[in-house]
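Following: one structure in structure tokens, then a few remarks.
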Amino acid sequence: MDQFALLWQYQQVDIEVDRYEREMRADPKRQKLIKNRDFLVEQQGVIKRIENEVSVMADRLEALQDEVVRLRDSVTELNGRFEAQQPETLEDARGLMGTAQKLMSSITRYESELTKLRKDADARDRQQHEIRVRAARVKAEFDQLKKSYDDEYKTQAGELEKLKARAAKAAKEIQPEMLEKYNTIKRHSMPPMARLNDDRCGGCNMSLPQAVLHKIRAGSSAVECENCGRILLVK
């Protein structure tokens, strides 16, 4: 049997290997596992982001609380000064009142921000809790599905190894340069070999030029399609 016929036989097994691998990748359980895994990874990222946001909020809350205490102490001190010593002039009184108003305005603004921060922090806590509940449910489904899939995968992997062994055995009878050419063509055209049908390439269905047909009539057992690059089995 010539090399082209051997390569054709190898291609039949190689196609079967590729088909079986595609079926394994498209397995519904495998797809569901990947989807659940990606969801869990995504939720871990979301939880991490929320934790960072809550940490920033906690720092800001602490800083605001300290500032409010400081401002209230300033107001108390100002009131004490006012009671201990009445302003001598109207301008002094207005100055003290203006200072007091600025302090109270700052306190009001900071307390408003504190209220908002506490609400946001509570919302983050609820969001984090909901995410953990959903993630736990998905993780339980993932673990149960994975156990079932792992059993099936062992069987599938065994069948795949048998097919690959057949392909490897067939490849041993083929010259390395021909096998390399086959694999090069396979990167852009699958299958890499096709039959000649009525002076047309069985892969891309394009008519062959006269120069190629002349080679065929001269007795070539295989030629290459000038359009798609496939190896054409003539006989």
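Ordering of the structure tokens sets the chain letters (A, B, ...), residue numbers begin anew at 1 in every chain, and ligands are numbered from 1 in the order given.
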| task | For A:Ile131, please output as a ChimeraX atom specification all residues within 12 Å (counting only C-alpha atoms; exclusion window: fewer than 4 positions along the same chain). | result | /A:39-48,50,124-127,135-139
| request: Give me the residues within 10 Å of A:Val75 as a list in words, counting only C-alpha atoms and dropping any in the same chain fewer than 4 places off. | output: Val69, Arg70, Leu71, Asn79, Gly80, Arg81, Thr99, Ala100, Gln101, Lys102, Leu103, Met104 and Ile107 of chain A
| said: My list of candidates is A:Leu233, A:Ala157, A:Ala170, A:Leu163. Which is closest to A:Met193 when distances are computed with only C-alpha atoms? | reply: A:Leu233
| Within 10 Å of A:Gln175, counting only C-alpha atoms, which residues qualify if same-chain residues fewer than 5 places away don't, as a list in words? | Gln3, Phe4, Leu6, Leu7 and Glu180 of chain A
| message | Which residues are near A:Ala222? Cut-off 10 Å, only C-alpha atoms, ignore same chain within fewer than 5 positions. Put them as number ranges by chain. | response | A: 3-5, 193-196, 215-216, 231-235
| field | Nearest residue to A:Pro192 from the set A:Leu114, A:Val54, A:Leu90, A:Cys204 (distances using only C-alpha atoms) | value | A:Cys204
| query | Distance atom CA of A:Val212-atom CA of A:Asn227, one decimal place? | reply | 11.5 Å
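Between atom CA of A:Glu23 and atom CA of A:Asp151 there is a distance of 16.2 Å.
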| request: Find the residue from A:Lys164, A:Arg187, A:His214, A:Lys154 that sits nearest to A:Asp199; use only C-alpha atoms when measuring. | output: A:His214
| task | From a DSSP calculation on the backbone, collect every residue of stretch 23-208 of chain A in alpha helix (DSSP H) and output the set as JSON, numbers by chain. | result | {"A": [23, 24, 25, 28, 29, 30, 31, 32, 33, 34, 35, 36, 37, 38, 39, 40, 41, 42, 43, 44, 45, 46, 47, 48, 49, 50, 51, 52, 53, 54, 55, 56, 57, 58, 59, 60, 61, 62, 63, 64, 65, 66, 67, 68, 69, 70, 71, 72, 73, 74, 75, 76, 77, 78, 79, 80, 81, 82, 83, 84, 90, 91, 92, 93, 94, 95, 96, 97, 98, 99, 100, 101, 102, 103, 104, 105, 106, 107, 108, 109, 110, 111, 112, 113, 114, 115, 116, 117, 118, 119, 120, 121, 122, 123, 124, 125, 126, 127, 128, 129, 130, 131, 132, 133, 134, 135, 136, 137, 138, 139, 140, 141, 142, 143, 144, 145, 146, 147, 148, 149, 150, 151, 152, 153, 154, 155, 156, 157, 158, 159, 160, 161, 162, 163, 164, 165, 166, 167, 168, 169, 170, 171, 176, 177, 178, 179, 180, 181, 182, 183, 184, 185, 186]}
| field | Residue neighbourhood A:Arg166, 9 Å, only C-alpha atoms, exclusion window fewer than 5 positions, as a ChimeraX atom specification | value | /A:10,13-14,161,171
Export, as a PDB file, in the first residue's frame, the selected residues with C-alpha atoms.
```pdb
ATOM      1  CA  TYR A  10      -4.707   7.452   9.076  1.00  0.00           C
ATOM      2  CA  VAL A  13      -8.887   7.461  12.514  1.00  0.00           C
ATOM      3  CA  ASP A  14      -7.667  11.048  13.037  1.00  0.00           C
ATOM      4  CA  GLU A 161      -6.960   6.756  24.466  1.00  0.00           C
ATOM      5  CA  ALA A 171       1.044   7.047  11.881  1.00  0.00           C
TER       6      ALA A 171
END
```
| Could you pull the residues within 10 Å of A:Pro191, counting only C-alpha atoms, minus those fewer than 5 positions along the same chain, as a list of chain:residue names? | A:Gln11, A:Gln12, A:Asp14, A:Ile15, A:Tyr182, A:Asn183, A:Ile185, A:Lys186, A:Gly203, A:Arg230, A:Ile231
Could you save those same residues with N, CA, C and O atoms as a short mmCIF file (atom, residue, chain, number, x, y, z; two decimals), in the first residue's frame?
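So part.cif came out as:
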```cif
data_model
loop_
_atom_site.label_atom_id
_atom_site.label_comp_id
_atom_site.auth_asym_id
_atom_site.auth_seq_id
_atom_site.Cartn_x
_atom_site.Cartn_y
_atom_site.Cartn_z
N GLN A 11 -6.08 9.26 8.22
CA GLN A 11 -7.02 10.38 8.34
C GLN A 11 -8.37 9.91 8.89
O GLN A 11 -9.00 10.64 9.67
N GLN A 12 -8.81 8.74 8.51
CA GLN A 12 -10.11 8.25 8.99
C GLN A 12 -10.11 8.12 10.52
O GLN A 12 -11.07 8.50 11.19
N ASP A 14 -7.92 9.70 12.51
CA ASP A 14 -7.67 11.05 13.04
C ASP A 14 -8.97 11.84 13.12
O ASP A 14 -9.21 12.57 14.10
N ILE A 15 -9.82 11.71 12.11
CA ILE A 15 -11.12 12.38 12.11
C ILE A 15 -11.97 11.87 13.26
O ILE A 15 -12.67 12.63 13.95
N TYR A 182 0.68 16.70 6.31
CA TYR A 182 -0.72 16.48 6.67
C TYR A 182 -1.13 17.41 7.82
O TYR A 182 -2.17 18.07 7.77
N ASN A 183 -0.32 17.44 8.87
CA ASN A 183 -0.63 18.26 10.04
C ASN A 183 -0.59 19.75 9.72
O ASN A 183 -1.34 20.54 10.29
N ILE A 185 -1.38 21.09 6.77
CA ILE A 185 -2.63 21.38 6.05
C ILE A 185 -3.81 21.38 7.01
O ILE A 185 -4.74 22.20 6.89
N LYS A 186 -3.77 20.50 8.00
CA LYS A 186 -4.88 20.37 8.95
C LYS A 186 -5.12 21.66 9.72
O LYS A 186 -6.25 21.93 10.16
N GLY A 203 -12.77 18.44 -1.34
CA GLY A 203 -12.80 19.25 -0.13
C GLY A 203 -13.46 20.60 -0.34
O GLY A 203 -14.38 20.98 0.38
N ARG A 230 -5.41 21.04 -0.05
CA ARG A 230 -5.58 19.66 0.40
C ARG A 230 -4.83 18.68 -0.50
O ARG A 230 -4.62 18.94 -1.69
N ILE A 231 -4.47 17.55 0.11
CA ILE A 231 -3.90 16.47 -0.67
C ILE A 231 -5.07 15.70 -1.28
O ILE A 231 -5.96 15.24 -0.57
#
```
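Computed from the coordinates, the atom CA of A:Ala211 to atom CA of A:Glu226 distance equals 10.4 Å.
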